[in-house]
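K.L.:
Handing you this structure, nothing more for now.
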Amino acid sequence: QHAQRPRLWLALLGAVALAALWLEFRTRIALALGVAMLLALSHQAAPPGQGLRLPTGLRHTIHALGRSSYALFLVHFPVLMLGNALYARWPHPSPWLTALTLLATWGISLVLGLWFERRVETPLAARAGAWVSSLGGRHR
């Protein structure tokens, strides 16, 4: 019975996403639904208690990218705007330049997101946690 609950929640998630797609099709929702279902199926195929079996390097990379996702959210838009501005000033853009601009803005955003998470977000969270802990000690 315990193993049925995740399936129930996954079915509910799928039903809500399908209803949203039926009301108004959005590529992002279809992509999110497809990725969620793919991850769920791969999790179901894994041995009990082990989850996905990935090479260590890939697992660490995915973990680092997951940790930095909020930082990436914060930095990607200014990087994208800078890339767009530079691209718009190019006199005769080619498909190769378009692809290069896209890859460069993607790569720069990832690097800046990882840097921001490591140098700003994590230290700030540690300081905030210490500050909250110190407040908790005073009120006792």
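As shown in the structure tokens, the chain order sets the letters A, B, ...; within each chain, residues go from 1, and ligands are also counted from 1 in the order they appear.
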Among chain A, which ones does DSSP place in helix (DSSP H, G or I), written as an MDAnalysis selection string?

P.N.:
chainID A and resid 4:23 27:45 56:67 69:88 95:138

K.L.:
Give me the residues within 10 Å of Gly83 in chain A as a ChimeraX atom specification, counting only C-alpha atoms and dropping any in the same chain fewer than 6 places off.

P.N.:
/A:77,101-102,104-106,108

K.L.:
If you measure from CA of Val75 in chain A to CA of Ser133 in chain A, what distance in Å do you get, rounded to one decimal?

P.N.:
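Taking CA of Val75 in chain A and CA of Ser133 in chain A, their separation equals 29.5 Å.
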
K.L.:
Excluding Phe116 in chain A and its own-chain neighbours fewer than 6 positions away, which residues fall within 9 Å of it when counting only C-alpha atoms? Please give them as a list in words.

P.N.:
Ser68, Ala71, Leu72, Val75 and Thr122 of chain A

K.L.:
Filtering to N, CA, C and O atoms, could you give me those residues as a compact mmCIF listing (two decimals), in the first residue's frame?

P.N.:
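Result file result34.txt:
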# COMPACT_ATOMS: atom_id res chain seq x y z
N SER A 68 22.54 25.06 -7.52
CA SER A 68 22.70 26.42 -8.05
C SER A 68 21.51 26.87 -8.88
O SER A 68 21.59 27.92 -9.53
N ALA A 71 20.28 30.41 -8.05
CA ALA A 71 21.27 31.39 -8.50
C ALA A 71 21.23 31.53 -10.02
O ALA A 71 21.32 32.63 -10.55
N LEU A 72 21.08 30.41 -10.72
CA LEU A 72 20.96 30.46 -12.17
C LEU A 72 19.73 31.25 -12.58
O LEU A 72 19.78 32.06 -13.51
N VAL A 75 20.62 34.97 -12.32
CA VAL A 75 21.61 35.57 -13.23
C VAL A 75 21.29 35.38 -14.71
O VAL A 75 21.82 36.11 -15.54
N THR A 122 25.43 30.60 -0.72
CA THR A 122 25.78 29.71 0.39
C THR A 122 26.35 30.47 1.58
O THR A 122 25.90 30.25 2.72

K.L.:
Pick the closest to Ala30 in chain A from A:Ala17, A:Arg89, A:Leu80, A:Ser42: which is it, counting only C-alpha atoms?

P.N.:
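Counting only C-alpha atoms, the residue closest to Ala30 in chain A is A:Ala17.
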
K.L.:
So that I can see what lies close to Tyr87 in chain A, please list as a ChimeraX atom specification the residues with an atom at most 9 Å from it, counting only C-alpha atoms and leaving out residues fewer than 6 positions away in the same chain.

P.N.:
/A:93,97-98,101

K.L.:
Using only C-alpha atoms, which of A:Leu110, A:Ala126, A:Ala88, A:Leu58 sits nearest Phe73 in chain A?

P.N.:
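The answer is A:Leu110, which sits nearest to Phe73 in chain A.
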